[in-house]
$ cat run.csv   # CSV, C-alpha atoms
chain,number,residue,atom,x,y,z
S,27,MET,CA,-1.4,-18.2,35.7
S,28,ASN,CA,-2.1,-14.8,37.2
S,29,ASN,CA,-2.6,-13.1,33.7
S,30,LEU,CA,-2.3,-9.6,35.1
S,31,ARG,CA,-5.4,-10.1,37.2
S,32,ASP,CA,-4.4,-7.6,39.9
S,33,ILE,CA,-3.8,-4.8,37.4
S,34,PHE,CA,-7.3,-5.1,36.0
S,35,GLN,CA,-8.8,-5.1,39.4
S,36,ARG,CA,-7.5,-1.5,39.8
S,37,TYR,CA,-7.5,-0.2,36.2
S,38,GLU,CA,-10.0,-0.3,33.4
S,39,ALA,CA,-7.2,-0.6,30.8
S,40,ALA,CA,-3.5,-1.0,30.4
S,41,VAL,CA,-1.8,0.6,27.4
S,42,PHE,CA,1.5,-1.0,26.5
S,43,PHE,CA,3.5,1.4,24.3
S,44,ASP,CA,6.9,2.1,22.7
S,45,THR,CA,8.5,4.8,20.7
S,46,GLU,CA,11.3,5.1,18.2
S,47,THR,CA,12.9,8.6,18.2
S,48,THR,CA,15.5,10.7,16.4
S,49,GLY,CA,17.6,10.8,19.6
S,50,LEU,CA,17.7,10.7,23.3
S,51,ASP,CA,16.6,14.2,24.4
S,52,ALA,CA,12.8,14.5,24.5
S,53,LYS,CA,13.0,18.3,24.3
S,54,SER,CA,15.1,18.5,21.2
S,55,CYS,CA,14.3,15.2,19.4
S,56,ARG,CA,11.1,13.8,18.0
S,57,ILE,CA,9.1,10.6,17.9
S,58,ILE,CA,9.3,9.0,14.4
S,59,GLU,CA,7.3,5.8,15.3
S,60,LEU,CA,4.8,5.2,18.1
S,61,ALA,CA,3.1,1.9,18.7
S,62,ALA,CA,0.6,1.1,21.4
S,63,ILE,CA,-1.8,-1.7,22.4
S,64,ARG,CA,-4.7,-1.1,24.7
S,65,ILE,CA,-5.8,-4.2,26.8
S,66,GLU,CA,-9.0,-4.5,28.8
S,67,LYS,CA,-10.6,-7.3,30.7
S,68,ALA,CA,-13.6,-9.0,29.1
S,69,ALA,CA,-16.7,-10.0,31.1
S,70,ASP,CA,-15.4,-13.6,31.3
S,71,GLY,CA,-12.2,-12.4,32.8
S,72,SER,CA,-10.0,-12.9,29.7
S,73,LEU,CA,-7.8,-10.1,28.4
S,74,ILE,CA,-8.8,-8.5,25.1
S,75,GLU,CA,-7.1,-6.0,22.8
S,76,THR,CA,-9.5,-3.1,22.3
S,77,ASP,CA,-7.3,-0.7,20.4
S,78,ARG,CA,-4.0,-0.8,18.5
S,79,ALA,CA,-1.8,1.9,16.9
S,80,ASP,CA,1.4,1.7,14.9
S,81,MET,CA,2.1,5.2,13.5
S,82,PHE,CA,5.0,6.6,11.6
S,83,ILE,CA,5.2,10.3,12.4
S,84,LYS,CA,6.4,13.0,10.1
S,85,LEU,CA,9.2,15.3,11.2
S,86,PRO,CA,9.0,19.1,11.1
S,87,GLU,CA,9.9,20.6,7.7
S,88,GLY,CA,13.6,20.4,7.0
S,89,GLU,CA,14.4,17.9,9.7
S,90,ARG,CA,15.9,14.5,8.8
S,91,ILE,CA,16.5,11.2,10.6
S,92,PRO,CA,20.1,10.9,11.8
S,93,ASP,CA,22.0,8.1,10.0
S,94,LYS,CA,22.6,6.1,13.2
S,95,ILE,CA,18.9,6.1,13.9
S,96,VAL,CA,18.2,4.8,10.3
S,97,GLU,CA,20.8,2.1,10.9
S,98,LEU,CA,19.2,1.1,14.2
S,99,THR,CA,15.6,1.2,13.3
S,100,GLY,CA,15.4,0.8,9.6
S,101,ILE,CA,13.1,3.8,9.4
S,102,THR,CA,14.1,6.2,6.6
S,103,ASP,CA,13.1,9.8,5.6
S,104,GLU,CA,11.6,8.3,2.5
S,105,ARG,CA,9.4,6.0,4.6
S,106,LEU,CA,8.2,8.8,6.8
S,107,ALA,CA,7.4,10.8,3.7
S,108,ALA,CA,5.4,8.0,2.2
S,109,GLU,CA,3.7,6.5,5.3
S,110,GLY,CA,4.1,9.1,8.1
S,111,ILE,CA,1.2,11.1,9.5
S,112,PRO,CA,1.3,14.6,11.0
S,113,GLU,CA,2.4,14.7,14.6
S,114,GLY,CA,-0.9,16.3,15.7
S,115,ASN,CA,-2.8,13.3,14.3
S,116,ALA,CA,-0.6,10.9,16.2
S,117,ALA,CA,-1.0,12.9,19.4
S,118,ALA,CA,-4.8,12.8,19.0
S,119,ALA,CA,-4.8,9.0,18.4
S,120,PHE,CA,-2.6,8.4,21.4
S,121,ALA,CA,-4.6,10.7,23.6
S,122,ASN,CA,-7.8,9.0,22.7
S,123,MET,CA,-6.3,5.6,23.5
S,124,ILE,CA,-5.0,6.6,27.0
S,125,TYR,CA,-7.6,9.1,28.2
S,126,SER,CA,-10.5,6.7,28.3
S,127,GLY,CA,-11.2,5.4,31.8
S,128,ARG,CA,-8.6,4.7,34.5
S,129,THR,CA,-5.5,3.6,32.5
S,130,LEU,CA,-2.1,2.2,33.3
S,131,LEU,CA,0.7,3.2,30.9
S,132,VAL,CA,3.4,0.5,30.6
S,133,ALA,CA,6.7,0.8,28.8
S,134,HIS,CA,10.2,-0.7,29.1
S,135,ASN,CA,12.4,2.1,30.4
S,136,ALA,CA,9.2,4.1,30.8
S,137,GLN,CA,11.0,7.3,31.8
S,138,PHE,CA,12.3,7.7,28.2
S,139,ASP,CA,9.0,6.9,26.4
S,140,LEU,CA,6.9,9.0,28.7
S,141,LEU,CA,9.0,12.1,28.4
S,142,PHE,CA,8.8,11.9,24.6
S,143,ALA,CA,5.0,11.2,24.7
S,144,ARG,CA,4.5,14.1,27.1
S,145,GLU,CA,6.5,16.5,24.8
S,146,MET,CA,4.4,15.4,21.8
S,147,LEU,CA,1.1,15.9,23.6
S,148,LYS,CA,2.2,19.3,25.0
S,149,ARG,CA,2.6,20.6,21.5
S,150,PHE,CA,-1.1,20.1,21.2
S,151,THR,CA,-2.5,21.9,24.3
S,152,GLU,CA,-6.1,20.9,23.7
S,153,PHE,CA,-5.2,17.6,25.3
S,154,SER,CA,-4.5,19.1,28.7
S,155,GLU,CA,-5.8,21.8,31.0
S,156,SER,CA,-2.9,21.4,33.5
S,157,GLY,CA,0.9,21.1,33.5
S,158,ASP,CA,0.8,17.4,34.1
S,159,ILE,CA,-0.5,16.3,30.7
S,160,LEU,CA,-0.4,12.6,31.5
S,161,SER,CA,-2.2,13.1,34.8
S,162,PRO,CA,-5.1,10.8,34.0
S,163,CYS,CA,-2.7,7.8,33.9
S,164,ASP,CA,-0.5,5.9,36.2
S,165,TYR,CA,2.8,4.4,35.0
S,166,LEU,CA,4.6,1.0,35.2
S,167,ASP,CA,8.2,0.7,34.2
S,168,SER,CA,8.9,-3.0,33.2
S,169,LEU,CA,12.6,-2.2,33.3
S,170,THR,CA,12.5,-1.4,37.0
S,171,VAL,CA,10.6,-4.7,37.6
S,172,TYR,CA,13.0,-6.7,35.6
S,173,LYS,CA,16.1,-5.3,37.4
S,174,ASP,CA,14.6,-6.8,40.6
S,175,ARG,CA,14.2,-10.2,38.8
S,176,ARG,CA,17.4,-10.9,36.8
S,177,ALA,CA,21.1,-10.0,36.5
S,178,TYR,CA,22.4,-7.5,34.1
S,179,PRO,CA,21.9,-6.8,31.1
S,180,HIS,CA,18.3,-5.6,31.3
S,181,LYS,CA,17.2,-4.8,27.8
S,182,LEU,CA,13.8,-6.0,26.5
S,183,ALA,CA,15.7,-8.6,24.3
S,184,ASN,CA,17.2,-10.1,27.5
S,185,ALA,CA,13.8,-10.4,29.1
S,186,ILE,CA,12.5,-12.1,26.0
S,187,ALA,CA,15.3,-14.7,26.3
S,188,SER,CA,15.0,-15.1,30.0
S,189,TYR,CA,11.3,-15.9,29.9
S,190,LYS,CA,11.8,-18.1,26.8
S,191,LEU,CA,9.5,-16.1,24.6
S,192,GLU,CA,11.7,-16.2,21.4
S,193,ASP,CA,9.1,-18.3,19.6
S,194,LYS,CA,6.3,-16.0,20.5
S,195,VAL,CA,7.6,-12.5,20.0
S,196,LYS,CA,10.6,-10.6,18.6
S,197,ASN,CA,12.7,-7.6,19.6
S,198,SER,CA,13.4,-5.7,16.3
S,199,HIS,CA,13.7,-2.0,17.2
S,200,ARG,CA,10.4,-1.6,15.5
S,201,ALA,CA,7.9,-0.2,18.0
S,202,ILE,CA,5.0,-2.5,17.3
S,203,ASP,CA,7.2,-5.6,17.7
S,204,ASP,CA,8.5,-4.3,20.9
S,205,VAL,CA,5.1,-3.5,22.3
S,206,GLU,CA,3.9,-7.1,21.6
S,207,ALA,CA,7.0,-8.4,23.3
S,208,LEU,CA,6.5,-6.0,26.2
S,209,LEU,CA,3.0,-7.4,26.8
S,210,GLU,CA,4.2,-11.0,26.9
S,211,VAL,CA,7.1,-10.1,29.1
S,212,CYS,CA,4.8,-8.4,31.6
S,213,LYS,CA,2.5,-11.4,31.6
S,214,ALA,CA,5.5,-13.7,32.3
S,215,MET,CA,6.8,-11.5,35.1
S,216,ASP,CA,3.3,-11.3,36.7
S,217,ASN,CA,3.0,-15.1,36.5
S,218,GLU,CA,6.4,-15.4,38.1
S,219,ARG,CA,5.4,-13.2,41.0
S,220,ALA,CA,2.2,-11.1,41.2
S,221,ASP,CA,3.6,-7.9,42.6
S,222,LEU,CA,3.5,-5.6,39.5
S,223,LEU,CA,1.1,-3.2,41.2
S,224,SER,CA,3.7,-2.4,43.9
S,225,TYR,CA,5.9,-0.9,41.1
S,226,VAL,CA,3.2,1.5,39.8
S,227,ASN,CA,4.7,5.1,39.8
S,228,VAL,CA,8.0,3.8,41.2
S,229,PHE,CA,11.0,4.2,38.8
S,230,GLY,CA,14.5,2.9,39.6
S,231,TYR,CA,17.5,4.7,38.2
S,232,ASN,CA,21.2,4.0,38.0
S,233,PRO,CA,22.8,5.9,40.9
S,234,LYS,CA,25.9,6.5,38.8
S,235,TYR,CA,24.0,8.6,36.3
S,236,GLY,CA,20.9,9.8,38.1
S,237,VAL,CA,17.5,10.4,36.7
S,238,THR,CA,17.5,11.1,32.9
S,239,GLY,CA,15.5,14.2,31.9
S,240,ASP,CA,12.7,15.8,33.9
S,241,ARG,CA,11.1,14.1,36.8
S,242,LEU,CA,7.5,13.2,36.1
S,243,PRO,CA,4.9,14.3,38.7
S,244,ARG,CA,3.7,11.6,41.1
S,245,VAL,CA,6.6,9.3,40.2
S,246,THR,CA,8.9,8.2,43.1
S,247,TYR,CA,12.4,7.9,41.8
S,248,TRP,CA,14.8,5.7,43.7
S,249,PRO,CA,18.4,4.5,43.1
S,250,GLN,CA,18.4,0.9,41.9
S,251,HIS,CA,21.6,-1.2,41.9
S,252,PHE,CA,22.2,-4.2,39.7
S,253,ASN,CA,21.5,-7.6,41.4
S,254,ASP,CA,22.7,-11.1,40.5
S,255,TYR,CA,19.5,-12.9,41.5
S,256,MET,CA,15.8,-12.4,42.0
S,257,GLN,CA,15.1,-10.1,45.0
S,258,SER,CA,12.9,-11.4,47.8
S,259,PRO,CA,9.7,-9.5,48.4
S,260,ARG,CA,11.3,-7.7,51.3
S,261,TYR,CA,14.1,-6.3,49.2
S,262,THR,CA,12.4,-5.3,46.0
S,263,LEU,CA,12.7,-1.6,45.1
S,264,PRO,CA,9.0,-0.8,46.1
S,265,ALA,CA,9.5,-2.5,49.5
S,266,ARG,CA,12.7,-0.5,50.1
S,267,VAL,CA,10.9,2.7,49.1
S,268,LYS,CA,8.0,1.9,51.4
S,269,ARG,CA,10.4,1.3,54.4
S,270,ARG,CA,12.2,4.6,53.8
S,271,ARG,CA,9.0,6.8,53.6
$ encode --input "run.csv" --output "structure tokens"
Amino acid sequence: MNNLRDIFQRYEAAVFFDTETTGLDAKSCRIIELAAIRIEKAADGSLIETDRADMFIKLPEGERIPDKIVELTGITDERLAAEGIPEGNAAAAFANMIYSGRTLLVAHNAQFDLLFAREMLKRFTEFSESGDILSPCDYLDSLTVYKDRRAYPHKLANAIASYKLEDKVKNSHRAIDDVEALLEVCKAMDNERADLLSYVNVFGYNPKYGVTGDRLPRVTYWPQHFNDYMQSPRYTLPARVKRRR
């Protein structure tokens, strides 16, 4: 088993993370739950968890969670009031987790989660001296990888089933569950074919809809069509991007 070996030859850590939010627009909506797991390589070569966060985040005064989000996530205004922390505290905790050493940020549909994380961090300017607030990190979108591996649909739940991980993890629309599932899915994809590094900072998008939200600095965006089978190394999205450059 490859066990993400190539990633940890380049990076000191990989932070797998997920958000639950009040909506789809990172500029007008807010994160209500953020979960992350920081993984590093031990001296014996094994992977170890060195940090973990699962935070409910309070909304600004007067804002409430939309009913459809409550139905989807099970997170209520009452729960945020009882268990939530101020957004600044969450931003500080996440910043401390990702700004230590050379770090790879990993998410499923990373464009979505990264835009929300960036907006949260931007509200607390002490975390950045430049416009690219996430500049210390590189990014891996597991959704882009999975689209090159399996037929539609491409949700995290589909990847869990495809790699037969149902007895190991769950997809519950709770951020910490999804992060644990994401880590195992990435291990399974890496064991299937060790080319995850080629996808770093390469995001596929549906050509019918285009890129959602702002384009992140240093990310190459490329149209990615649905496929019915696992793409050969020559026809993966990173290989096609490389040939066109």
$ closest_atom_pairs --input "run.csv" --of "range 30-102 of chain S" --to "range 162-173 of chain S" --cutoff "12 Å" --atoms "only C-alpha atoms" --output "CSV"
residue,atom,partner,partner_atom,distance
S:Ile33,CA,S:Leu166,CA,10.4
S:Arg36,CA,S:Asp164,CA,10.8
S:Tyr37,CA,S:Asp164,CA,9.3
S:Glu38,CA,S:Cys163,CA,10.9
S:Ala39,CA,S:Cys163,CA,10.0
S:Ala40,CA,S:Tyr165,CA,9.5
S:Val41,CA,S:Tyr165,CA,9.7
S:Phe42,CA,S:Leu166,CA,9.4
S:Phe43,CA,S:Leu166,CA,11.0
S:Asp44,CA,S:Asp167,CA,11.7
$ residues_around --input "run.csv" --residues "Ile91 in chain S" --least-positions-apart "4" --cutoff "10 Å" --atoms "only C-alpha atoms" --output "list in words"
Thr47, Thr48, Gly49, Cys55, Arg56, Ile58, Leu85, Ile95, Val96, Ile101, Thr102, Asp103, Glu104 and Leu106 of chain S
$ write_last_selection --input "run.csv" --atoms "C-alpha atoms" --output "compact mmCIF listing (two decimals), in the coordinates of the input"
# COMPACT_ATOMS: atom_id res chain seq x y z
CA THR S 47 12.90 8.60 18.20
CA THR S 48 15.50 10.70 16.40
CA GLY S 49 17.60 10.80 19.60
CA CYS S 55 14.30 15.20 19.40
CA ARG S 56 11.10 13.80 18.00
CA ILE S 58 9.30 9.00 14.40
CA LEU S 85 9.20 15.30 11.20
CA ILE S 95 18.90 6.10 13.90
CA VAL S 96 18.20 4.80 10.30
CA ILE S 101 13.10 3.80 9.40
CA THR S 102 14.10 6.20 6.60
CA ASP S 103 13.10 9.80 5.60
CA GLU S 104 11.60 8.30 2.50
CA LEU S 106 8.20 8.80 6.80
$ atom_distance --input "run.csv" --atom1 "CA of Ser126 in chain S" --atom2 "CA of Ala61 in chain S"
17.3 Å
$ residues_near_point --input "run.csv" --point "(-5.0, -6.7, 37.8)" --cutoff "12 Å" --atoms "only C-alpha atoms" --output "number ranges by chain"
S: 28-40, 65-67, 71-73, 129-130, 212-213, 216-217, 220-224, 226
$ write_last_selection --input "run.csv" --atoms "C-alpha atoms" --output "PDB file, in the coordinates of the input"
ATOM      1  CA  ASN S  28      -2.100 -14.800  37.200  1.00  0.00           C
ATOM      2  CA  ASN S  29      -2.600 -13.100  33.700  1.00  0.00           C
ATOM      3  CA  LEU S  30      -2.300  -9.600  35.100  1.00  0.00           C
ATOM      4  CA  ARG S  31      -5.400 -10.100  37.200  1.00  0.00           C
ATOM      5  CA  ASP S  32      -4.400  -7.600  39.900  1.00  0.00           C
ATOM      6  CA  ILE S  33      -3.800  -4.800  37.400  1.00  0.00           C
ATOM      7  CA  PHE S  34      -7.300  -5.100  36.000  1.00  0.00           C
ATOM      8  CA  GLN S  35      -8.800  -5.100  39.400  1.00  0.00           C
ATOM      9  CA  ARG S  36      -7.500  -1.500  39.800  1.00  0.00           C
ATOM     10  CA  TYR S  37      -7.500  -0.200  36.200  1.00  0.00           C
ATOM     11  CA  GLU S  38     -10.000  -0.300  33.400  1.00  0.00           C
ATOM     12  CA  ALA S  39      -7.200  -0.600  30.800  1.00  0.00           C
ATOM     13  CA  ALA S  40      -3.500  -1.000  30.400  1.00  0.00           C
ATOM     14  CA  ILE S  65      -5.800  -4.200  26.800  1.00  0.00           C
ATOM     15  CA  GLU S  66      -9.000  -4.500  28.800  1.00  0.00           C
ATOM     16  CA  LYS S  67     -10.600  -7.300  30.700  1.00  0.00           C
ATOM     17  CA  GLY S  71     -12.200 -12.400  32.800  1.00  0.00           C
ATOM     18  CA  SER S  72     -10.000 -12.900  29.700  1.00  0.00           C
ATOM     19  CA  LEU S  73      -7.800 -10.100  28.400  1.00  0.00           C
ATOM     20  CA  THR S 129      -5.500   3.600  32.500  1.00  0.00           C
ATOM     21  CA  LEU S 130      -2.100   2.200  33.300  1.00  0.00           C
ATOM     22  CA  CYS S 212       4.800  -8.400  31.600  1.00  0.00           C
ATOM     23  CA  LYS S 213       2.500 -11.400  31.600  1.00  0.00           C
ATOM     24  CA  ASP S 216       3.300 -11.300  36.700  1.00  0.00           C
ATOM     25  CA  ASN S 217       3.000 -15.100  36.500  1.00  0.00           C
ATOM     26  CA  ALA S 220       2.200 -11.100  41.200  1.00  0.00           C
ATOM     27  CA  ASP S 221       3.600  -7.900  42.600  1.00  0.00           C
ATOM     28  CA  LEU S 222       3.500  -5.600  39.500  1.00  0.00           C
ATOM     29  CA  LEU S 223       1.100  -3.200  41.200  1.00  0.00           C
ATOM     30  CA  SER S 224       3.700  -2.400  43.900  1.00  0.00           C
ATOM     31  CA  VAL S 226       3.200   1.500  39.800  1.00  0.00           C
TER      32      VAL S 226
END
$ closest_residue --input "run.csv" --among "S:Ile124, S:Val211, S:Leu98, S:Ala201" --to "Asn184 in chain S" --atoms "all atoms listed in the file"
S:Val211
$ closest_residue --input "run.csv" --among "S:Ile63, S:Ile83, S:Leu182, S:Ala68" --to "Asn135 in chain S" --atoms "all atoms listed in the file"
S:Leu182
$ residues_around --input "run.csv" --residues "Met81 in chain S" --least-positions-apart "2" --cutoff "10 Å" --atoms "only C-alpha atoms" --output "PyMOL selection string"
chain S and resi 45+57-62+78-79+83-84+106+109-113+115-116+119-120+201-202
$ closest_residue --input "run.csv" --among "S:Gln250, S:Pro259, S:Pro264, S:Met215" --to "Val237 in chain S" --atoms "only C-alpha atoms"
S:Gln250
$ closest_residue --input "run.csv" --among "S:Leu263, S:Asp204, S:Ala136, S:Glu218" --to "Ser188 in chain S" --atoms "all atoms listed in the file"
S:Glu218
$ atom_distance --input "run.csv" --atom1 "CA of His199 in chain S" --atom2 "CA of Ile74 in chain S"
24.7 Å
$ atom_distance --input "run.csv" --atom1 "CA of Thr99 in chain S" --atom2 "CA of Ala133 in chain S"
17.9 Å
